[in-house]
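The file start35.cif contains mmCIF, C-alpha atoms:
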```
data_protein
loop_
_atom_site.group_PDB
_atom_site.id
_atom_site.type_symbol
_atom_site.label_atom_id
_atom_site.label_comp_id
_atom_site.auth_asym_id
_atom_site.auth_seq_id
_atom_site.Cartn_x
_atom_site.Cartn_y
_atom_site.Cartn_z
ATOM 1 C CA MET R 1 11.352 14.609 -15.953
ATOM 2 C CA GLU R 2 13.312 15.845 -12.944
ATOM 3 C CA LYS R 3 12.485 14.322 -9.569
ATOM 4 C CA VAL R 4 11.267 16.720 -6.878
ATOM 5 C CA LYS R 5 13.602 16.904 -3.903
ATOM 6 C CA PRO R 6 12.216 16.131 -0.441
ATOM 7 C CA THR R 7 10.749 19.092 1.455
ATOM 8 C CA ILE R 8 11.974 19.290 5.047
ATOM 9 C CA HIS R 9 10.586 21.927 7.399
ATOM 10 C CA LYS R 10 13.228 24.002 9.208
ATOM 11 C CA THR R 11 12.108 22.696 12.632
ATOM 12 C CA ALA R 12 12.445 19.025 11.580
ATOM 13 C CA ILE R 13 15.533 17.030 12.519
ATOM 14 C CA VAL R 14 16.799 14.572 9.918
ATOM 15 C CA ASP R 15 19.867 12.704 11.170
ATOM 16 C CA GLU R 16 22.354 11.463 8.600
ATOM 17 C CA PRO R 17 22.752 9.106 6.988
ATOM 18 C CA SER R 18 19.098 8.519 6.138
ATOM 19 C CA GLN R 19 17.266 7.743 2.902
ATOM 20 C CA ILE R 20 14.418 10.082 1.957
ATOM 21 C CA GLY R 21 12.733 9.653 -1.410
ATOM 22 C CA ALA R 22 11.906 12.326 -3.947
ATOM 23 C CA GLY R 23 8.760 14.337 -3.309
ATOM 24 C CA THR R 24 8.516 13.403 0.373
ATOM 25 C CA LYS R 25 7.370 16.143 2.756
ATOM 26 C CA ILE R 26 8.544 16.235 6.362
ATOM 27 C CA TRP R 27 6.675 18.739 8.526
ATOM 28 C CA HIS R 28 7.151 20.638 11.811
ATOM 29 C CA TRP R 29 9.081 19.085 14.720
ATOM 30 C CA THR R 30 9.496 15.694 13.097
ATOM 31 C CA HIS R 31 12.567 13.602 13.926
ATOM 32 C CA VAL R 32 14.040 11.084 11.475
ATOM 33 C CA MET R 33 16.779 8.965 13.044
ATOM 34 C CA PRO R 34 19.971 7.971 11.174
ATOM 35 C CA LYS R 35 19.646 5.011 8.778
ATOM 36 C CA ALA R 36 15.848 5.395 8.500
ATOM 37 C CA LYS R 37 14.417 4.535 5.068
ATOM 38 C CA ILE R 38 11.565 6.665 3.741
ATOM 39 C CA GLY R 39 10.221 6.223 0.209
ATOM 40 C CA GLN R 40 9.024 8.698 -2.405
ATOM 41 C CA ASP R 41 6.018 11.033 -2.162
ATOM 42 C CA CYS R 42 5.416 10.426 1.536
ATOM 43 C CA SER R 43 3.948 12.919 3.975
ATOM 44 C CA LEU R 44 5.128 12.951 7.589
ATOM 45 C CA GLY R 45 2.980 15.272 9.696
ATOM 46 C CA GLN R 46 3.857 17.373 12.704
ATOM 47 C CA ASN R 47 5.699 15.712 15.605
ATOM 48 C CA VAL R 48 6.367 12.375 13.861
ATOM 49 C CA TYR R 49 9.275 10.133 14.917
ATOM 50 C CA ILE R 50 10.905 7.607 12.552
ATOM 51 C CA GLY R 51 13.321 5.092 14.107
ATOM 52 C CA SER R 52 16.634 4.010 12.601
ATOM 53 C CA ALA R 53 15.401 0.513 11.775
ATOM 54 C CA ALA R 54 11.964 1.607 10.534
ATOM 55 C CA GLU R 55 11.084 1.234 6.862
ATOM 56 C CA ILE R 56 8.562 3.464 5.113
ATOM 57 C CA GLY R 57 7.426 2.670 1.554
ATOM 58 C CA ASN R 58 6.263 5.062 -1.169
ATOM 59 C CA ASN R 59 3.238 7.366 -0.888
ATOM 60 C CA VAL R 60 2.808 6.692 2.848
ATOM 61 C CA LYS R 61 0.784 9.249 4.813
ATOM 62 C CA ILE R 62 1.719 9.541 8.488
ATOM 63 C CA GLN R 63 -0.448 12.044 10.340
ATOM 64 C CA ASN R 64 0.541 14.144 13.374
ATOM 65 C CA ASN R 65 1.982 12.655 16.581
ATOM 66 C CA VAL R 66 2.855 9.169 15.270
ATOM 67 C CA SER R 67 6.022 7.313 16.307
ATOM 68 C CA VAL R 68 7.229 4.624 13.905
ATOM 69 C CA TYR R 69 9.732 2.707 16.006
ATOM 70 C CA ASP R 70 12.488 0.293 14.978
ATOM 71 C CA LYS R 71 11.267 -2.915 13.306
ATOM 72 C CA VAL R 72 8.046 -1.325 12.044
ATOM 73 C CA ILE R 73 7.590 -1.678 8.282
ATOM 74 C CA LEU R 74 4.982 0.369 6.427
ATOM 75 C CA GLU R 75 4.626 -0.759 2.814
ATOM 76 C CA ASP R 76 3.498 1.500 -0.059
ATOM 77 C CA ASN R 77 0.300 3.581 0.245
ATOM 78 C CA VAL R 78 -0.209 3.012 3.981
ATOM 79 C CA PHE R 79 -2.210 5.617 5.930
ATOM 80 C CA CYS R 80 -1.489 6.177 9.643
ATOM 81 C CA GLY R 81 -4.109 8.332 11.361
ATOM 82 C CA PRO R 82 -3.289 11.007 13.953
ATOM 83 C CA SER R 83 -1.705 9.721 17.161
ATOM 84 C CA CYS R 84 -1.828 6.043 16.196
ATOM 85 C CA VAL R 85 0.745 4.006 18.129
ATOM 86 C CA PHE R 86 3.217 1.286 17.171
ATOM 87 C CA THR R 87 5.153 -0.806 19.675
ATOM 88 C CA ASN R 88 8.235 -3.011 19.260
ATOM 89 C CA ASP R 89 8.951 -4.439 22.721
ATOM 90 C CA PRO R 90 6.588 -7.197 23.901
ATOM 91 C CA ASN R 91 7.938 -7.020 27.454
ATOM 92 C CA PRO R 92 8.997 -3.416 28.177
ATOM 93 C CA ARG R 93 10.908 -2.623 31.360
ATOM 94 C CA ALA R 94 12.789 0.563 32.153
ATOM 95 C CA GLU R 95 15.391 -1.304 34.197
ATOM 96 C CA TYR R 96 16.103 -4.090 31.659
ATOM 97 C CA SER R 97 16.921 -3.835 27.980
ATOM 98 C CA HIS R 98 15.058 -6.228 25.691
ATOM 99 C CA ARG R 99 16.423 -4.828 22.439
ATOM 100 C CA ASP R 100 17.322 -8.345 21.225
ATOM 101 C CA SER R 101 13.708 -9.494 21.608
ATOM 102 C CA TRP R 102 11.997 -6.594 19.825
ATOM 103 C CA GLN R 103 9.412 -7.835 17.348
ATOM 104 C CA GLN R 104 8.604 -6.718 13.823
ATOM 105 C CA THR R 105 5.287 -5.160 12.875
ATOM 106 C CA LEU R 106 4.321 -5.256 9.195
ATOM 107 C CA VAL R 107 1.624 -3.036 7.701
ATOM 108 C CA LYS R 108 1.043 -4.166 4.130
ATOM 109 C CA LYS R 109 0.316 -2.129 1.010
ATOM 110 C CA GLY R 110 -2.703 0.164 1.083
ATOM 111 C CA ALA R 111 -3.737 -0.496 4.702
ATOM 112 C CA SER R 112 -5.256 2.280 6.835
ATOM 113 C CA ILE R 113 -4.919 2.684 10.593
ATOM 114 C CA GLY R 114 -7.392 5.023 12.283
ATOM 115 C CA ALA R 115 -6.638 7.817 14.737
ATOM 116 C CA ASN R 116 -5.476 6.756 18.214
ATOM 117 C CA ALA R 117 -5.299 3.066 17.272
ATOM 118 C CA THR R 118 -2.547 0.970 18.898
ATOM 119 C CA VAL R 119 -0.751 -1.817 17.021
ATOM 120 C CA ILE R 120 0.943 -4.321 19.329
ATOM 121 C CA CYS R 121 4.256 -5.590 17.947
ATOM 122 C CA GLY R 122 4.639 -8.954 16.262
ATOM 123 C CA ASN R 123 1.481 -8.555 14.176
ATOM 124 C CA THR R 124 0.773 -8.095 10.483
ATOM 125 C CA ILE R 125 -1.949 -5.879 9.094
ATOM 126 C CA GLY R 126 -2.890 -7.199 5.657
ATOM 127 C CA GLN R 127 -2.986 -5.267 2.414
ATOM 128 C CA TYR R 128 -5.854 -2.774 2.146
ATOM 129 C CA ALA R 129 -7.023 -3.684 5.655
ATOM 130 C CA PHE R 130 -8.819 -0.982 7.629
ATOM 131 C CA ILE R 131 -8.297 -0.526 11.379
ATOM 132 C CA GLY R 132 -10.929 1.609 13.121
ATOM 133 C CA ALA R 133 -10.047 4.641 15.228
ATOM 134 C CA GLY R 134 -9.132 3.852 18.840
ATOM 135 C CA SER R 135 -8.695 0.119 18.191
ATOM 136 C CA VAL R 136 -6.026 -2.078 19.791
ATOM 137 C CA VAL R 137 -4.577 -4.604 17.324
ATOM 138 C CA THR R 138 -3.423 -7.699 19.228
ATOM 139 C CA LYS R 139 -3.360 -10.230 16.361
ATOM 140 C CA ASP R 140 -2.910 -10.412 12.599
ATOM 141 C CA ILE R 141 -5.574 -8.792 10.428
ATOM 142 C CA PRO R 142 -6.194 -10.394 6.995
ATOM 143 C CA ASP R 143 -5.909 -8.671 3.624
ATOM 144 C CA TYR R 144 -8.905 -6.360 3.064
ATOM 145 C CA GLY R 145 -9.957 -6.992 6.673
ATOM 146 C CA LEU R 146 -12.056 -4.486 8.612
ATOM 147 C CA ALA R 147 -11.253 -4.580 12.324
ATOM 148 C CA TYR R 148 -12.094 -2.363 15.267
ATOM 149 C CA GLY R 149 -12.524 -2.367 19.034
ATOM 150 C CA ASN R 150 -10.376 -3.205 22.057
ATOM 151 C CA PRO R 151 -9.091 -5.732 21.302
ATOM 152 C CA ALA R 152 -9.675 -5.210 17.576
ATOM 153 C CA LYS R 153 -12.037 -7.815 16.175
ATOM 154 C CA PHE R 154 -12.224 -8.811 12.525
ATOM 155 C CA ILE R 155 -15.692 -7.631 11.410
ATOM 156 C CA GLY R 156 -15.682 -8.134 7.641
ATOM 157 C CA PHE R 157 -14.004 -6.960 4.478
ATOM 158 C CA VAL R 158 -13.408 -3.634 2.721
ATOM 159 C CA CYS R 159 -12.636 -2.720 -0.876
ATOM 160 C CA GLU R 160 -9.300 -1.207 -1.888
ATOM 161 C CA CYS R 161 -11.110 2.156 -1.818
ATOM 162 C CA GLY R 162 -12.129 1.583 1.838
ATOM 163 C CA THR R 163 -15.844 0.866 1.318
ATOM 164 C CA LYS R 164 -17.317 -2.021 3.352
ATOM 165 C CA LEU R 165 -18.124 -5.055 1.203
ATOM 166 C CA ASP R 166 -21.290 -7.138 1.575
ATOM 167 C CA PHE R 167 -20.921 -10.900 1.192
ATOM 168 C CA ALA R 168 -24.172 -11.669 3.070
ATOM 169 C CA GLU R 169 -25.938 -13.603 0.329
ATOM 170 C CA ASN R 170 -23.154 -15.130 -1.743
ATOM 171 C CA LYS R 171 -19.417 -15.513 -2.266
ATOM 172 C CA GLU R 172 -19.112 -12.495 -4.541
ATOM 173 C CA SER R 173 -19.353 -8.775 -3.842
ATOM 174 C CA THR R 174 -19.131 -5.614 -5.953
ATOM 175 C CA CYS R 175 -18.035 -2.400 -4.266
ATOM 176 C CA LYS R 176 -20.903 0.103 -4.139
ATOM 177 C CA ASN R 177 -18.427 2.971 -4.518
ATOM 178 C CA CYS R 178 -15.867 1.988 -7.195
ATOM 179 C CA GLN R 179 -17.400 -1.197 -8.694
ATOM 180 C CA LYS R 180 -14.346 -3.410 -8.049
ATOM 181 C CA GLN R 181 -15.371 -7.057 -7.747
ATOM 182 C CA TYR R 182 -14.274 -9.547 -5.084
ATOM 183 C CA GLN R 183 -14.660 -13.237 -4.441
ATOM 184 C CA LYS R 184 -14.801 -14.720 -0.941
ATOM 185 C CA ILE R 185 -12.420 -17.676 -0.530
ATOM 186 C CA ASN R 186 -13.235 -18.379 3.137
ATOM 187 C CA ASP R 187 -14.190 -16.454 6.291
ATOM 188 C CA GLN R 188 -10.728 -14.851 6.483
ATOM 189 C CA LYS R 189 -9.791 -14.417 2.814
ATOM 190 C CA ILE R 190 -11.065 -12.645 -0.284
ATOM 191 C CA GLU R 191 -9.453 -11.793 -3.604
ATOM 192 C CA ARG R 192 -10.137 -9.338 -6.406
ATOM 193 C CA LYS R 193 -11.730 -10.761 -9.522
#
```
Could I get this structure in the form of structure tokens?
Amino acid sequence: MEKVKPTIHKTAIVDEPSQIGAGTKIWHWTHVMPKAKIGQDCSLGQNVYIGSAAEIGNNVKIQNNVSVYDKVILEDNVFCGPSCVFTNDPNPRAEYSHRDSWQQTLVKKGASIGANATVICGNTIGQYAFIGAGSVVTKDIPDYGLAYGNPAKFIGFVCECGTKLDFAENKESTCKNCQKQYQKINDQKIERK
């Protein structure tokens, strides 16, 4: 089967060399910097910016007005809501360059970041974690973690499908939506059964 070439809107700017996987769609007024790595079957909405040292996995959905700066890594199946924000400089100053002290941000497989959320650099968002709209992530969020607020607080756990899990009465939970089963290891960790 032949792979589908990337679709790049005529108003988008894709600087070469860059790596764009098969089936990826890049929409209006998006800018991909040289050396950026974008996987297969991704969707980059209107007015998205991808830095040269950013890495985007496969099947990543980046909604309108999102900037993915250098040292931000989005693993496979990550969802970035409209106007969510990533940072990479923990001490920004216009007069002084801190490029050597930029910090990595890692968003693991399957995680979702809500609209207008801000992710402060140097943090990791765990696999299948869910960050609520408008939240400010200032520390690591565990796998399957549900977090929201300013600063974002870990509230509980969600299923891979995004449904909140209930561990109130025991150490096991079955998703009410998709029936996947989970076991609670401790207050910050669960695993699929």
* Hits from the PyMOL selection byres ((chain R and resi 15) around 12), listed as a ChimeraX atom specification -> /R:8,12-14,16-20,30-37,49-52
Centre, edges in Å (one decimal): axis-aligned box, stretch 96-100 of chain R, 4 Å padding on all six sides, as JSON:
```
{"center_x": 16.2, "center_y": -6.1, "center_z": 26.4, "size_x": 10.3, "size_y": 12.5, "size_z": 18.4}
```
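Applied to this file, the PyMOL selection byres ((chain R and resi 188) around 10) selects the residues Ile141, Pro142, Asp143, Tyr144, Gly145, Phe154, Gly156, Phe157, Lys184, Ile185, Asn186, Asp187, Lys189 and Ile190 of chain R.
Atom pair atom CA of R:Gln40 / atom CA of R:Lys109: separated by 14.3 Å.
Restricting the calculation to only C-alpha atoms, the smallest distance between R:Ala147 and any of R:Trp27, R:Phe79, R:Tyr182, R:Phe130 is found for R:Phe130.
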* Looking at all atoms listed in the file, which of R:Asn64, R:Ser112, R:Thr7, R:Gln181 is the one that sits closest to R:Ile26? -> R:Thr7
Residues of stretch 131-191 of chain R at most 6 Å from stretch 115-125 of chain R: nearest atom pair and distance in Å, only C-alpha atoms, as CSV:
```
residue,atom,partner,partner_atom,distance
R:Ala133,CA,R:Ala115,CA,4.7
R:Gly134,CA,R:Ala117,CA,4.2
R:Ser135,CA,R:Ala117,CA,4.6
R:Val136,CA,R:Thr118,CA,4.7
R:Val137,CA,R:Val119,CA,4.7
R:Thr138,CA,R:Ile120,CA,5.5
R:Lys139,CA,R:Asn123,CA,5.6
R:Asp140,CA,R:Thr124,CA,4.8
R:Ile141,CA,R:Ile125,CA,4.8
```
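Using all atoms listed in the file, the nearest neighbour of R:Val107 within the list R:Lys25, R:His9, R:Lys71, R:Arg93 is R:Lys71.
Distance-wise, atom CA of R:Thr87 and atom CA of R:Lys10 end up 28.1 Å apart.
As for atom CA of R:Ala129 and atom CA of R:Cys175, they are spaced 14.9 Å apart.
For the structure shown here, the set of residues caught by the PyMOL selection byres ((chain R and resi 161) around 10) is Gly110, Tyr128, Val158, Cys159, Glu160, Gly162, Thr163, Lys164, Cys175, Asn177, Cys178, Gln179 and Lys180 of chain R.
Checking R:Phe167, R:Tyr69, R:Trp29, R:Tyr148 one by one against R:Leu106, counting all atoms listed in the file, you find the shortest gap at R:Tyr69.
For the choices R:Glu55, R:Lys193, R:Asp76, R:Pro92, the atom-to-atom distance to R:Glu172 is smallest for R:Lys193 when using only C-alpha atoms.
Distances here use all atoms listed in the file; by that measure, the residue among R:Asn59, R:Gln46, R:Gln183, R:Thr24 closest to R:Leu74 is R:Asn59.
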Around (14.0, -7.6, 20.6) in the file's own coordinates, what residues are found within 12 Å if you use only C-alpha atoms, given back as an mmCIF file with C-alpha atoms, in the frame of the given file?
```
data_model
loop_
_atom_site.group_PDB
_atom_site.id
_atom_site.type_symbol
_atom_site.label_atom_id
_atom_site.label_comp_id
_atom_site.auth_asym_id
_atom_site.auth_seq_id
_atom_site.Cartn_x
_atom_site.Cartn_y
_atom_site.Cartn_z
ATOM 1 C CA ASP R 70 12.488 0.293 14.978
ATOM 2 C CA LYS R 71 11.267 -2.915 13.306
ATOM 3 C CA THR R 87 5.153 -0.806 19.675
ATOM 4 C CA ASN R 88 8.235 -3.011 19.260
ATOM 5 C CA ASP R 89 8.951 -4.439 22.721
ATOM 6 C CA PRO R 90 6.588 -7.197 23.901
ATOM 7 C CA ASN R 91 7.938 -7.020 27.454
ATOM 8 C CA PRO R 92 8.997 -3.416 28.177
ATOM 9 C CA TYR R 96 16.103 -4.090 31.659
ATOM 10 C CA SER R 97 16.921 -3.835 27.980
ATOM 11 C CA HIS R 98 15.058 -6.228 25.691
ATOM 12 C CA ARG R 99 16.423 -4.828 22.439
ATOM 13 C CA ASP R 100 17.322 -8.345 21.225
ATOM 14 C CA SER R 101 13.708 -9.494 21.608
ATOM 15 C CA TRP R 102 11.997 -6.594 19.825
ATOM 16 C CA GLN R 103 9.412 -7.835 17.348
ATOM 17 C CA GLN R 104 8.604 -6.718 13.823
ATOM 18 C CA THR R 105 5.287 -5.160 12.875
ATOM 19 C CA CYS R 121 4.256 -5.590 17.947
ATOM 20 C CA GLY R 122 4.639 -8.954 16.262
#
```
Written-out stretch 70-100 of chain R (N, CA and C atoms) as a tab-separated table (two decimals), in the first residue's frame:
```tsv
chain	number	residue	atom	x	y	z
R	70	ASP	N	11.58	24.74	20.69
R	70	ASP	CA	12.72	23.83	20.81
R	70	ASP	C	12.71	23.15	22.18
R	71	LYS	N	13.10	21.87	22.17
R	71	LYS	CA	13.22	21.04	23.36
R	71	LYS	C	11.89	20.55	23.90
R	72	VAL	N	10.81	20.74	23.13
R	72	VAL	CA	9.52	20.15	23.49
R	72	VAL	C	9.36	18.87	22.68
R	73	ILE	N	9.04	17.78	23.38
R	73	ILE	CA	8.84	16.49	22.73
R	73	ILE	C	7.42	16.03	22.99
R	74	LEU	N	6.69	15.79	21.90
R	74	LEU	CA	5.33	15.26	21.97
R	74	LEU	C	5.36	13.84	21.41
R	75	GLU	N	5.15	12.85	22.26
R	75	GLU	CA	5.17	11.47	21.80
R	75	GLU	C	3.90	11.15	21.00
R	76	ASP	N	3.77	9.92	20.55
R	76	ASP	CA	2.64	9.50	19.72
R	76	ASP	C	1.29	9.77	20.40
R	77	ASN	N	0.29	10.11	19.58
R	77	ASN	CA	-1.11	10.25	20.00
R	77	ASN	C	-1.36	11.34	21.03
R	78	VAL	N	-0.52	12.35	21.08
R	78	VAL	CA	-0.73	13.48	21.98
R	78	VAL	C	-1.74	14.45	21.35
R	79	PHE	N	-2.59	15.03	22.19
R	79	PHE	CA	-3.55	16.05	21.76
R	79	PHE	C	-3.21	17.37	22.45
R	80	CYS	N	-3.03	18.42	21.67
R	80	CYS	CA	-2.77	19.77	22.20
R	80	CYS	C	-3.95	20.65	21.82
R	81	GLY	N	-4.71	21.09	22.82
R	81	GLY	CA	-5.89	21.91	22.58
R	81	GLY	C	-5.54	23.30	22.06
R	82	PRO	N	-6.55	24.02	21.54
R	82	PRO	CA	-6.32	25.34	20.97
R	82	PRO	C	-5.61	26.29	21.94
R	83	SER	N	-4.61	26.96	21.43
R	83	SER	CA	-3.89	28.01	22.17
R	83	SER	C	-3.20	27.53	23.44
R	84	CYS	N	-2.93	26.22	23.57
R	84	CYS	CA	-2.13	25.80	24.71
R	84	CYS	C	-0.69	26.29	24.48
R	85	VAL	N	0.06	26.43	25.56
R	85	VAL	CA	1.37	27.09	25.51
R	85	VAL	C	2.45	26.20	26.10
R	86	PHE	N	3.57	26.11	25.38
R	86	PHE	CA	4.77	25.44	25.90
R	86	PHE	C	5.84	26.50	26.09
R	87	THR	N	6.70	26.31	27.08
R	87	THR	CA	7.83	27.20	27.28
R	87	THR	C	9.11	26.36	27.22
R	88	ASN	N	10.27	27.03	27.09
R	88	ASN	CA	11.53	26.29	27.13
R	88	ASN	C	12.62	27.04	27.89
R	89	ASP	N	12.36	28.27	28.29
R	89	ASP	CA	13.35	29.07	29.00
R	89	ASP	C	12.85	29.36	30.41
R	90	PRO	N	13.51	28.79	31.43
R	90	PRO	CA	13.03	28.99	32.80
R	90	PRO	C	13.32	30.39	33.35
R	91	ASN	N	14.14	31.15	32.65
R	91	ASN	CA	14.52	32.48	33.14
R	91	ASN	C	14.61	33.45	31.95
R	92	PRO	N	13.49	33.72	31.27
R	92	PRO	CA	13.55	34.52	30.05
R	92	PRO	C	13.87	35.99	30.29
R	93	ARG	N	14.77	36.51	29.47
R	93	ARG	CA	15.12	37.92	29.47
R	93	ARG	C	15.36	38.34	28.03
R	94	ALA	N	14.85	39.47	27.64
R	94	ALA	CA	15.06	39.95	26.28
R	94	ALA	C	16.52	40.35	26.06
R	95	GLU	N	17.15	40.89	27.09
R	95	GLU	CA	18.50	41.41	26.97
R	95	GLU	C	19.58	40.33	27.02
R	96	TYR	N	19.27	39.17	27.64
R	96	TYR	CA	20.27	38.12	27.84
R	96	TYR	C	19.79	36.81	27.23
R	97	SER	N	20.67	36.15	26.52
R	97	SER	CA	20.33	34.85	25.94
R	97	SER	C	20.60	33.75	26.96
R	98	HIS	N	19.64	32.87	27.12
R	98	HIS	CA	19.78	31.72	28.02
R	98	HIS	C	19.64	30.41	27.25
R	99	ARG	N	19.92	30.46	25.96
R	99	ARG	CA	19.73	29.30	25.09
R	99	ARG	C	20.38	28.03	25.65
R	100	ASP	N	21.53	28.17	26.31
R	100	ASP	CA	22.22	27.00	26.87
R	100	ASP	C	21.51	26.40	28.08
```
